[in-house]
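Next comes upload07.pdb, a file with PDB, C-alpha atoms.
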```pdb
ATOM      1  CA  MET A 413      -9.246 -88.063  -1.385
ATOM      2  CA  LYS A 414     -10.465 -85.310  -3.682
ATOM      3  CA  ILE A 415      -8.115 -82.321  -3.886
ATOM      4  CA  ASN A 416      -9.367 -78.753  -3.250
ATOM      5  CA  GLU A 417     -12.727 -79.953  -1.955
ATOM      6  CA  THR A 418     -14.783 -77.253  -0.232
ATOM      7  CA  TYR A 419     -16.756 -77.391   3.009
ATOM      8  CA  ARG A 420     -19.921 -77.021   0.922
ATOM      9  CA  GLU A 421     -19.104 -80.121  -1.113
ATOM     10  CA  VAL A 422     -18.327 -82.253   1.941
ATOM     11  CA  LEU A 423     -21.464 -80.949   3.662
ATOM     12  CA  LYS A 424     -23.568 -82.057   0.695
ATOM     13  CA  TRP A 425     -22.087 -85.571   0.915
ATOM     14  CA  ALA A 426     -22.407 -85.719   4.718
ATOM     15  CA  SER A 427     -26.029 -84.550   4.721
ATOM     16  CA  SER A 428     -27.023 -87.073   2.066
ATOM     17  CA  PHE A 429     -25.154 -89.877   3.834
ATOM     18  CA  LEU A 430     -26.947 -89.228   7.111
ATOM     19  CA  GLU A 431     -30.327 -88.866   5.442
ATOM     20  CA  GLU A 432     -29.907 -92.204   3.666
ATOM     21  CA  ALA A 433     -29.014 -93.777   7.026
ATOM     22  CA  GLY A 434     -32.234 -92.448   8.576
ATOM     23  CA  GLN A 435     -30.532 -89.734  10.642
ATOM     24  CA  ASP A 436     -31.198 -85.998  10.716
ATOM     25  CA  SER A 437     -29.145 -84.410   7.939
ATOM     26  CA  LEU A 438     -28.713 -81.234  10.026
ATOM     27  CA  ALA A 439     -26.328 -83.187  12.253
ATOM     28  CA  ALA A 440     -23.720 -83.029   9.478
ATOM     29  CA  GLU A 441     -23.180 -79.314   9.972
ATOM     30  CA  MET A 442     -23.348 -79.533  13.762
ATOM     31  CA  LEU A 443     -20.607 -82.157  13.898
ATOM     32  CA  VAL A 444     -18.007 -80.098  12.059
ATOM     33  CA  ARG A 445     -18.983 -76.826  13.727
ATOM     34  CA  GLU A 446     -18.592 -78.306  17.196
ATOM     35  CA  ARG A 447     -15.248 -79.893  16.324
ATOM     36  CA  LEU A 448     -13.964 -76.534  15.074
ATOM     37  CA  ASN A 449     -15.718 -74.429  17.711
ATOM     38  CA  TRP A 450     -17.392 -72.414  14.961
ATOM     39  CA  SER A 451     -20.584 -70.400  15.077
ATOM     40  CA  LYS A 452     -23.184 -70.651  12.324
ATOM     41  CA  THR A 453     -21.718 -67.494  10.814
ATOM     42  CA  ASP A 454     -18.198 -68.940  10.886
ATOM     43  CA  PHE A 455     -19.413 -71.975   8.992
ATOM     44  CA  ILE A 456     -21.224 -69.940   6.328
ATOM     45  CA  VAL A 457     -18.136 -67.799   5.794
ATOM     46  CA  HIS A 458     -16.037 -70.942   5.206
ATOM     47  CA  LEU A 459     -18.489 -72.826   2.974
ATOM     48  CA  ASP A 460     -16.564 -72.200  -0.235
ATOM     49  CA  HIS A 461     -13.132 -72.498   1.334
ATOM     50  CA  CYS A 462     -11.058 -75.594   0.734
ATOM     51  CA  ILE A 463     -11.193 -78.085   3.588
ATOM     52  CA  THR A 464      -7.967 -79.540   4.985
ATOM     53  CA  PRO A 465      -7.472 -83.323   4.785
ATOM     54  CA  GLU A 466      -7.338 -83.563   8.594
ATOM     55  CA  ILE A 467     -10.637 -81.774   9.133
ATOM     56  CA  LYS A 468     -12.330 -83.767   6.384
ATOM     57  CA  GLN A 469     -11.064 -87.062   7.794
ATOM     58  CA  GLN A 470     -12.468 -86.287  11.268
ATOM     59  CA  TRP A 471     -15.754 -85.108   9.749
ATOM     60  CA  VAL A 472     -16.134 -88.290   7.688
ATOM     61  CA  VAL A 473     -15.404 -90.477  10.743
ATOM     62  CA  ASP A 474     -17.958 -88.564  12.843
ATOM     63  CA  VAL A 475     -20.640 -88.736  10.159
ATOM     64  CA  LYS A 476     -20.176 -92.460   9.609
ATOM     65  CA  GLN A 477     -20.294 -93.170  13.351
ATOM     66  CA  HIS A 478     -23.374 -91.011  13.850
ATOM     67  CA  SER A 479     -25.055 -92.779  10.932
ATOM     68  CA  THR A 480     -25.005 -95.987  13.014
ATOM     69  CA  GLY A 481     -27.026 -94.278  15.743
ATOM     70  CA  ILE A 482     -24.312 -93.097  18.128
ATOM     71  CA  PRO A 483     -25.562 -89.791  19.602
ATOM     72  CA  ILE A 484     -23.604 -86.696  18.641
ATOM     73  CA  GLN A 485     -22.978 -85.909  22.305
ATOM     74  CA  TYR A 486     -21.180 -89.207  22.882
ATOM     75  CA  LEU A 487     -19.069 -88.683  19.750
ATOM     76  CA  LEU A 488     -18.037 -85.214  20.872
ATOM     77  CA  GLY A 489     -17.842 -86.131  24.551
ATOM     78  CA  TYR A 490     -19.945 -83.225  25.762
ATOM     79  CA  GLU A 491     -23.291 -81.428  25.700
ATOM     80  CA  TRP A 492     -24.191 -77.780  26.280
ATOM     81  CA  PHE A 493     -26.446 -76.861  29.218
ATOM     82  CA  PHE A 494     -27.111 -73.236  30.193
ATOM     83  CA  ASP A 495     -24.258 -72.206  27.882
ATOM     84  CA  ASN A 496     -21.783 -74.385  29.765
ATOM     85  CA  LYS A 497     -20.027 -77.411  28.295
ATOM     86  CA  PHE A 498     -20.603 -80.597  30.314
ATOM     87  CA  LYS A 499     -18.699 -83.799  29.759
ATOM     88  CA  VAL A 500     -20.926 -86.777  28.930
ATOM     89  CA  THR A 501     -20.044 -90.447  28.640
ATOM     90  CA  SER A 502     -21.958 -93.663  28.083
ATOM     91  CA  ASP A 503     -22.315 -93.814  31.883
ATOM     92  CA  THR A 504     -24.401 -90.637  31.942
ATOM     93  CA  LEU A 505     -27.688 -89.538  30.480
ATOM     94  CA  ILE A 506     -27.450 -86.826  27.835
ATOM     95  CA  PRO A 507     -28.905 -83.599  29.322
ATOM     96  CA  ARG A 508     -32.193 -82.548  27.694
ATOM     97  CA  PRO A 509     -33.751 -79.114  27.015
ATOM     98  CA  GLU A 510     -36.684 -80.099  29.251
ATOM     99  CA  THR A 511     -34.311 -80.294  32.202
ATOM    100  CA  GLU A 512     -32.972 -76.837  31.340
ATOM    101  CA  GLU A 513     -36.544 -75.548  31.569
ATOM    102  CA  ILE A 514     -36.934 -76.986  35.064
ATOM    103  CA  VAL A 515     -33.679 -75.440  36.277
ATOM    104  CA  ASP A 516     -34.735 -72.142  34.713
ATOM    105  CA  LYS A 517     -38.060 -72.240  36.587
ATOM    106  CA  PHE A 518     -36.275 -72.883  39.850
ATOM    107  CA  LEU A 519     -33.784 -70.058  39.284
ATOM    108  CA  LYS A 520     -36.591 -67.605  38.501
ATOM    109  CA  GLU A 521     -38.710 -68.610  41.503
ATOM    110  CA  ALA A 522     -36.066 -69.237  44.170
ATOM    111  CA  PRO A 523     -35.929 -66.722  47.033
ATOM    112  CA  LYS A 524     -32.952 -64.374  47.099
ATOM    113  CA  LYS A 525     -31.350 -65.925  50.164
ATOM    114  CA  PRO A 526     -28.849 -68.773  50.636
ATOM    115  CA  LEU A 527     -30.523 -72.173  50.292
ATOM    116  CA  LYS A 528     -29.507 -75.722  51.121
ATOM    117  CA  ILE A 529     -30.252 -77.774  48.003
ATOM    118  CA  VAL A 530     -29.943 -81.436  47.059
ATOM    119  CA  ASP A 531     -30.005 -82.816  43.507
ATOM    120  CA  ILE A 532     -30.976 -86.505  43.545
ATOM    121  CA  GLY A 533     -29.758 -88.630  40.622
ATOM    122  CA  THR A 534     -27.353 -85.976  39.406
ATOM    123  CA  GLY A 535     -25.861 -87.851  36.418
ATOM    124  CA  THR A 536     -23.514 -85.398  34.690
ATOM    125  CA  GLY A 537     -24.190 -82.908  37.471
ATOM    126  CA  VAL A 538     -25.880 -80.369  35.195
ATOM    127  CA  ILE A 539     -28.626 -79.419  37.666
ATOM    128  CA  ALA A 540     -26.466 -79.082  40.777
ATOM    129  CA  ILE A 541     -23.546 -77.408  38.997
ATOM    130  CA  THR A 542     -25.733 -74.947  37.090
ATOM    131  CA  ILE A 543     -27.531 -73.905  40.267
ATOM    132  CA  LYS A 544     -24.226 -73.438  42.077
ATOM    133  CA  LYS A 545     -22.810 -71.344  39.212
ATOM    134  CA  LYS A 546     -25.902 -69.152  39.126
ATOM    135  CA  ARG A 547     -26.321 -69.016  42.915
ATOM    136  CA  PRO A 548     -22.849 -69.391  44.462
ATOM    137  CA  GLU A 549     -24.185 -68.611  47.940
ATOM    138  CA  ASP A 550     -26.256 -71.823  47.985
ATOM    139  CA  ASP A 551     -25.083 -75.017  49.709
ATOM    140  CA  VAL A 552     -25.516 -77.651  46.984
ATOM    141  CA  THR A 553     -25.284 -81.434  47.288
ATOM    142  CA  ALA A 554     -25.493 -83.896  44.377
ATOM    143  CA  ILE A 555     -26.229 -87.613  44.790
ATOM    144  CA  ASP A 556     -26.013 -90.506  42.346
ATOM    145  CA  LEU A 557     -26.206 -94.280  42.579
ATOM    146  CA  SER A 558     -23.651 -94.731  39.788
ATOM    147  CA  GLU A 559     -20.019 -94.334  40.826
ATOM    148  CA  LYS A 560     -19.002 -93.826  37.195
ATOM    149  CA  ALA A 561     -21.591 -91.098  36.657
ATOM    150  CA  LEU A 562     -20.498 -89.398  39.856
ATOM    151  CA  LEU A 563     -16.899 -89.286  38.610
ATOM    152  CA  VAL A 564     -18.114 -87.475  35.488
ATOM    153  CA  ALA A 565     -20.148 -85.049  37.609
ATOM    154  CA  LYS A 566     -17.127 -84.331  39.814
ATOM    155  CA  GLU A 567     -15.011 -83.635  36.733
ATOM    156  CA  ASN A 568     -17.660 -81.252  35.413
ATOM    157  CA  GLY A 569     -17.748 -79.454  38.756
ATOM    158  CA  LYS A 570     -13.981 -79.069  38.699
ATOM    159  CA  ASN A 571     -13.926 -77.892  35.072
ATOM    160  CA  LEU A 572     -16.633 -75.312  35.746
ATOM    161  CA  GLN A 573     -15.008 -74.251  39.009
ATOM    162  CA  VAL A 574     -17.856 -74.785  41.448
ATOM    163  CA  GLU A 575     -17.895 -76.302  44.926
ATOM    164  CA  VAL A 576     -20.616 -78.948  45.025
ATOM    165  CA  ARG A 577     -20.680 -81.821  47.499
ATOM    166  CA  PHE A 578     -20.946 -85.086  45.535
ATOM    167  CA  LEU A 579     -22.206 -88.171  47.359
ATOM    168  CA  LEU A 580     -22.525 -91.785  46.222
ATOM    169  CA  GLY A 581     -25.737 -93.484  47.249
ATOM    170  CA  ASP A 582     -29.304 -94.586  46.566
ATOM    171  CA  LEU A 583     -31.752 -91.649  46.399
ATOM    172  CA  THR A 584     -31.872 -89.818  49.770
ATOM    173  CA  GLU A 585     -29.896 -92.435  51.735
ATOM    174  CA  PRO A 586     -26.605 -90.435  51.953
ATOM    175  CA  VAL A 587     -28.423 -87.413  53.457
ATOM    176  CA  GLU A 588     -31.176 -89.102  55.472
ATOM    177  CA  LYS A 589     -30.123 -87.238  58.645
ATOM    178  CA  GLU A 590     -30.078 -83.795  56.999
ATOM    179  CA  GLN A 591     -32.763 -81.350  55.901
ATOM    180  CA  PHE A 592     -32.923 -79.181  52.786
ATOM    181  CA  ASP A 593     -34.744 -76.089  51.585
ATOM    182  CA  VAL A 594     -35.045 -77.524  48.085
ATOM    183  CA  ILE A 595     -35.031 -81.028  46.641
ATOM    184  CA  ILE A 596     -34.645 -81.162  42.872
ATOM    185  CA  SER A 597     -34.386 -84.244  40.669
ATOM    186  CA  ASN A 598     -34.660 -85.685  37.191
ATOM    187  CA  PRO A 599     -35.138 -89.329  38.191
ATOM    188  CA  PRO A 600     -35.606 -92.388  35.958
ATOM    189  CA  TYR A 601     -39.262 -92.262  34.919
ATOM    190  CA  ILE A 602     -39.708 -94.253  31.717
ATOM    191  CA  GLY A 603     -41.715 -97.451  32.126
ATOM    192  CA  VAL A 604     -39.930-100.641  31.106
ATOM    193  CA  ASP A 605     -42.897-101.456  28.851
ATOM    194  CA  GLU A 606     -42.229 -98.266  26.848
ATOM    195  CA  LYS A 607     -38.946 -99.547  25.423
ATOM    196  CA  LYS A 608     -40.665-100.611  22.228
ATOM    197  CA  TYR A 609     -41.591 -96.988  21.483
ATOM    198  CA  MET A 610     -38.150 -95.520  22.071
ATOM    199  CA  ASP A 611     -35.463 -94.445  19.646
ATOM    200  CA  ASP A 612     -32.717 -97.026  19.127
ATOM    201  CA  SER A 613     -29.998 -94.433  19.790
ATOM    202  CA  VAL A 614     -31.355 -93.991  23.321
ATOM    203  CA  LEU A 615     -31.845 -97.688  23.986
ATOM    204  CA  ASN A 616     -28.477 -98.730  22.587
ATOM    205  CA  TYR A 617     -26.265 -96.014  24.033
ATOM    206  CA  GLU A 618     -27.742 -94.269  27.082
ATOM    207  CA  PRO A 619     -27.578 -95.928  30.535
ATOM    208  CA  GLU A 620     -30.721 -97.873  31.469
ATOM    209  CA  LEU A 621     -30.176 -97.037  35.141
ATOM    210  CA  ALA A 622     -30.869 -93.374  34.384
ATOM    211  CA  LEU A 623     -33.860 -94.020  32.131
ATOM    212  CA  PHE A 624     -36.154 -96.767  33.353
ATOM    213  CA  ALA A 625     -38.237 -97.424  36.449
ATOM    214  CA  GLU A 626     -40.636-100.192  37.391
ATOM    215  CA  ASN A 627     -44.383 -99.805  37.927
ATOM    216  CA  GLU A 628     -44.984 -97.908  34.676
ATOM    217  CA  GLY A 629     -42.153 -95.540  35.501
ATOM    218  CA  LEU A 630     -43.556 -94.550  38.902
ATOM    219  CA  ALA A 631     -41.383 -96.680  41.204
ATOM    220  CA  VAL A 632     -38.736 -94.033  41.917
ATOM    221  CA  TYR A 633     -41.384 -91.365  42.561
ATOM    222  CA  GLN A 634     -43.063 -93.692  45.045
ATOM    223  CA  ARG A 635     -39.794 -94.183  46.894
ATOM    224  CA  LEU A 636     -38.987 -90.480  46.842
ATOM    225  CA  ALA A 637     -42.436 -89.634  48.203
ATOM    226  CA  LYS A 638     -41.734 -91.852  51.218
ATOM    227  CA  GLU A 639     -38.208 -90.562  51.792
ATOM    228  CA  MET A 640     -38.537 -86.831  51.065
ATOM    229  CA  PRO A 641     -40.731 -85.722  54.010
ATOM    230  CA  VAL A 642     -37.904 -86.583  56.400
ATOM    231  CA  ILE A 643     -35.271 -84.464  54.638
ATOM    232  CA  LEU A 644     -37.410 -81.498  53.528
ATOM    233  CA  LYS A 645     -37.522 -78.462  55.789
ATOM    234  CA  PRO A 646     -40.957 -77.323  57.044
ATOM    235  CA  ASP A 647     -41.052 -74.500  54.468
ATOM    236  CA  GLY A 648     -39.254 -76.455  51.735
ATOM    237  CA  GLN A 649     -39.910 -77.043  48.046
ATOM    238  CA  VAL A 650     -39.591 -79.943  45.621
ATOM    239  CA  PHE A 651     -38.940 -79.718  41.856
ATOM    240  CA  LEU A 652     -39.240 -83.025  39.972
ATOM    241  CA  GLU A 653     -39.054 -83.722  36.263
ATOM    242  CA  ILE A 654     -41.810 -86.118  35.157
ATOM    243  CA  GLY A 655     -42.885 -87.984  32.037
ATOM    244  CA  PHE A 656     -45.479 -86.205  29.926
ATOM    245  CA  LYS A 657     -48.171 -88.814  30.710
ATOM    246  CA  GLN A 658     -47.448 -89.052  34.426
ATOM    247  CA  GLY A 659     -48.850 -85.781  35.767
ATOM    248  CA  PRO A 660     -52.020 -87.033  37.507
ATOM    249  CA  ALA A 661     -50.383 -90.174  38.903
ATOM    250  CA  VAL A 662     -47.280 -88.414  40.274
ATOM    251  CA  LYS A 663     -49.382 -85.582  41.695
ATOM    252  CA  ALA A 664     -51.521 -88.099  43.586
ATOM    253  CA  ILE A 665     -48.413 -89.831  44.981
ATOM    254  CA  PHE A 666     -46.947 -86.602  46.349
ATOM    255  CA  GLN A 667     -50.229 -85.141  47.549
ATOM    256  CA  GLU A 668     -50.617 -88.220  49.725
ATOM    257  CA  ALA A 669     -47.047 -87.850  50.992
ATOM    258  CA  PHE A 670     -47.509 -84.108  51.681
ATOM    259  CA  PRO A 671     -51.240 -83.784  52.521
ATOM    260  CA  THR A 672     -51.120 -80.087  53.458
ATOM    261  CA  ALA A 673     -48.732 -78.984  50.711
ATOM    262  CA  ASP A 674     -49.455 -77.184  47.468
ATOM    263  CA  VAL A 675     -48.742 -79.861  44.822
ATOM    264  CA  THR A 676     -48.892 -78.686  41.207
ATOM    265  CA  ILE A 677     -48.008 -79.880  37.709
ATOM    266  CA  GLU A 678     -46.520 -77.460  35.181
ATOM    267  CA  LYS A 679     -46.076 -77.868  31.442
ATOM    268  CA  ASP A 680     -42.953 -77.529  29.321
ATOM    269  CA  MET A 681     -42.585 -75.295  26.262
ATOM    270  CA  GLY A 682     -44.137 -78.044  24.161
ATOM    271  CA  GLY A 683     -47.312 -77.986  26.244
ATOM    272  CA  GLN A 684     -46.610 -81.341  27.911
ATOM    273  CA  ASP A 685     -46.734 -82.068  31.638
ATOM    274  CA  ARG A 686     -43.064 -81.931  32.718
ATOM    275  CA  LEU A 687     -42.612 -80.532  36.241
ATOM    276  CA  LEU A 688     -44.061 -81.502  39.599
ATOM    277  CA  LYS A 689     -43.730 -78.879  42.322
ATOM    278  CA  VAL A 690     -44.361 -79.345  46.013
ATOM    279  CA  LYS A 691     -44.479 -76.248  48.197
ATOM    280  CA  LEU A 692     -44.930 -76.659  51.927
TER     281      LEU A 692
END
```
Show the structure stored in the file as structure tokens.
Amino acid sequence: MKINETYREVLKWASSFLEEAGQDSLAAEMLVRERLNWSKTDFIVHLDHCITPEIKQQWVVDVKQHSTGIPIQYLLGYEWFFDNKFKVTSDTLIPRPETEEIVDKFLKEAPKKPLKIVDIGTGTGVIAITIKKKRPEDDVTAIDLSEKALLVAKENGKNLQVEVRFLLGDLTEPVEKEQFDVIISNPPYIGVDEKKYMDDSVLNYEPELALFAENEGLAVYQRLAKEMPVILKPDGQVFLEIGFKQGPAVKAIFQEAFPTADVTIEKDMGGQDRLLKVKL
């Protein structure tokens, strides 16, 4: 190992290594910053400082593993969502910025009164836990079909000190005798036939259960449309994340399920269809 090597020198190697492997070279800086809990400014200040052998060794291991396609979040064991650190494992989907946008829309539009809310397909628990942290007066339930994912969600709830009810089960089945003011979900919506277009890091490392649905990705929406009317209060609302090509199809499914409701599709910051809203 080279003696008196600086962060700048190791960064140059790490960036080139990732680029040659077909990965984003910017990940090199992110990996070491997250390991050291440094801001961008912290990193810049240390660029010409000598790196310790221990820090370099961890950085090299991380870079080499990421070069094979392993997502950064699985290497680190967490992802940030609404400025909170959520544990992620190979049993959970990595939270996406698009989901943050949907939670943000809900938080901005929700009435200022206690609500009973259910998050269906909670995964890491980011939706349910974030809502509970922002709106502690709400009664929040989170459901998932995966027992392993639910264990991760429970751990995140404990770490972030919120009281969310976590239930194991298939879609609305665990709460079929209850009613809610709000149903919110980021369900599996990628069609099985779309696998050939997807990034290998997603296909090889993220759980298929949380990604794919039959019938061109519409199968879960079709089930939810049948099950939701029973558990949604007469003045309730639905917030559903959707695939960017699914707007018209999902809108038609839910307009049929809620004939008198206001069913709308909203776009994300990239201008793509991303959110279906039902307002009774």
(message) Report, in Å with one decimal, the straight-line distance from CA of Thr511 in chain A to CA of Glu590 in chain A.
(response) 25.4 Å
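Closest approach to Arg420 in chain A among A:Glu521, A:Glu678, A:Asp460, A:Glu512 is made by A:Asp460 (distances from all atoms listed in the file).
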(request) Determine the residue membership of the PyMOL selection byres ((chain A and resi 537) around 12) for the file above and supply it as a ChimeraX atom specification. (result) /A:491,493,496-500,504-507,511,530-536,538-545,552-556,561-572,574-579,596-598
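Non-sequential neighbours of Val444 in chain A (distance at most 9 Å, separation of 2 or more positions within a chain, all atoms listed in the file) are Ala439, Ala440, Glu441, Met442, Glu446, Arg447, Leu448, Asn449, Trp450, Phe455, Ile467, Lys468, Gln470, Trp471 and Asp474 of chain A.
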(message) Please list, as a list in words, the residues that have an atom at most 10 Å away from (-27.5, -88.4, 8.0) in the coordinates of this file, counting only C-alpha atoms.
(response) Trp425, Ala426, Ser427, Ser428, Phe429, Leu430, Glu431, Glu432, Ala433, Gly434, Gln435, Asp436, Ser437, Leu438, Ala439, Ala440, Val475, Lys476, His478, Ser479, Thr480 and Gly481 of chain A
(request) Please indicate the distance in Å from CA of Glu559 in chain A to CA of Leu580 in chain A, rounded to one decimal place. (result) 6.5 Å
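Picture a line from CA of Arg686 in chain A to CA of Leu621 in chain A; it runs 20.0 Å.
Checking A:Lys546, A:Lys524, A:Leu652, A:Ala661 one by one against Glu510 in chain A, counting all atoms listed in the file, you find the shortest gap at A:Leu652.
Considering the residues A:Leu443, A:Leu644, A:Ile463, A:Val594 and counting all atoms listed in the file, Ile484 in chain A has its shortest atom-to-atom contact with A:Leu443.
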(request) Compile the contact shell of Gly629 in chain A as an MDAnalysis selection string: residues with an atom at most 8 Å away, counting only C-alpha atoms, same-chain residues fewer than 5 positions apart removed. (result) chainID A and resid 600:604 624
(request) Output the residue selection produced by the PyMOL selection byres ((chain A and resi 682) around 12) on the file above, formatted as a PyMOL selection string. (result) chain A and resi 509-510+513+656+678-681+683-686
Could you please take those selected residues and save C-alpha atoms as a compact mmCIF listing (two decimals), in the coordinates of the input?
```
# COMPACT_ATOMS: atom_id res chain seq x y z
CA PRO A 509 -33.75 -79.11 27.02
CA GLU A 510 -36.68 -80.10 29.25
CA GLU A 513 -36.54 -75.55 31.57
CA PHE A 656 -45.48 -86.20 29.93
CA GLU A 678 -46.52 -77.46 35.18
CA LYS A 679 -46.08 -77.87 31.44
CA ASP A 680 -42.95 -77.53 29.32
CA MET A 681 -42.58 -75.30 26.26
CA GLY A 683 -47.31 -77.99 26.24
CA GLN A 684 -46.61 -81.34 27.91
CA ASP A 685 -46.73 -82.07 31.64
CA ARG A 686 -43.06 -81.93 32.72
```
(request) Choose the residue, out of A:Gln591, A:Asn627, A:Gln658, A:Thr418, that has the smallest atom-to-atom separation from Lys528 in chain A; count all atoms listed in the file. (result) A:Gln591
(message) To test your reading of the syntax: which residues would the PyMOL selection byres ((chain A and resi 636) around 12) return for the file shown? Reply as number ranges by chain.
(response) A: 532-533, 582-585, 588, 595-600, 630-635, 637-644, 650-652, 662, 665-666, 669-670
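Those residues that approach Pro526 in chain A to within 10 Å, counting all atoms listed in the file, are Ala522, Pro523, Lys524, Lys528, Ile529, Arg547, Pro548, Glu549, Asp550, Asp551 and Asp593 of chain A; same-chain residues fewer than 2 positions away are not listed.
The residue that comes closest to Leu487 in chain A, out of A:Ser502, A:Lys520, A:Val422, A:Cys462 and on the basis of all atoms listed in the file, is A:Ser502.
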(request) Fewer than 6 positions away in the same chain doesn't count, so skip those; otherwise give me all residues within 8 Å of Val675 in chain A, counting all atoms listed in the file, as a PyMOL selection string. (result) chain A and resi 663+666-667+688-691
Selection export as a JSON list (two decimals), in the coordinates of the input, atoms kept: C-alpha atoms:
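Result saved to out-v3.json:
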```json
[["chain", "number", "residue", "atom", "x", "y", "z"],
["A", 663, "LYS", "CA", -49.38, -85.58, 41.70],
["A", 666, "PHE", "CA", -46.95, -86.60, 46.35],
["A", 667, "GLN", "CA", -50.23, -85.14, 47.55],
["A", 688, "LEU", "CA", -44.06, -81.50, 39.60],
["A", 689, "LYS", "CA", -43.73, -78.88, 42.32],
["A", 690, "VAL", "CA", -44.36, -79.34, 46.01],
["A", 691, "LYS", "CA", -44.48, -76.25, 48.20]]
```
(message) Nearest residue to Pro619 in chain A out of A:Thr501, A:Pro483, A:Val473, A:Pro465, using only C-alpha atoms?
(response) A:Thr501
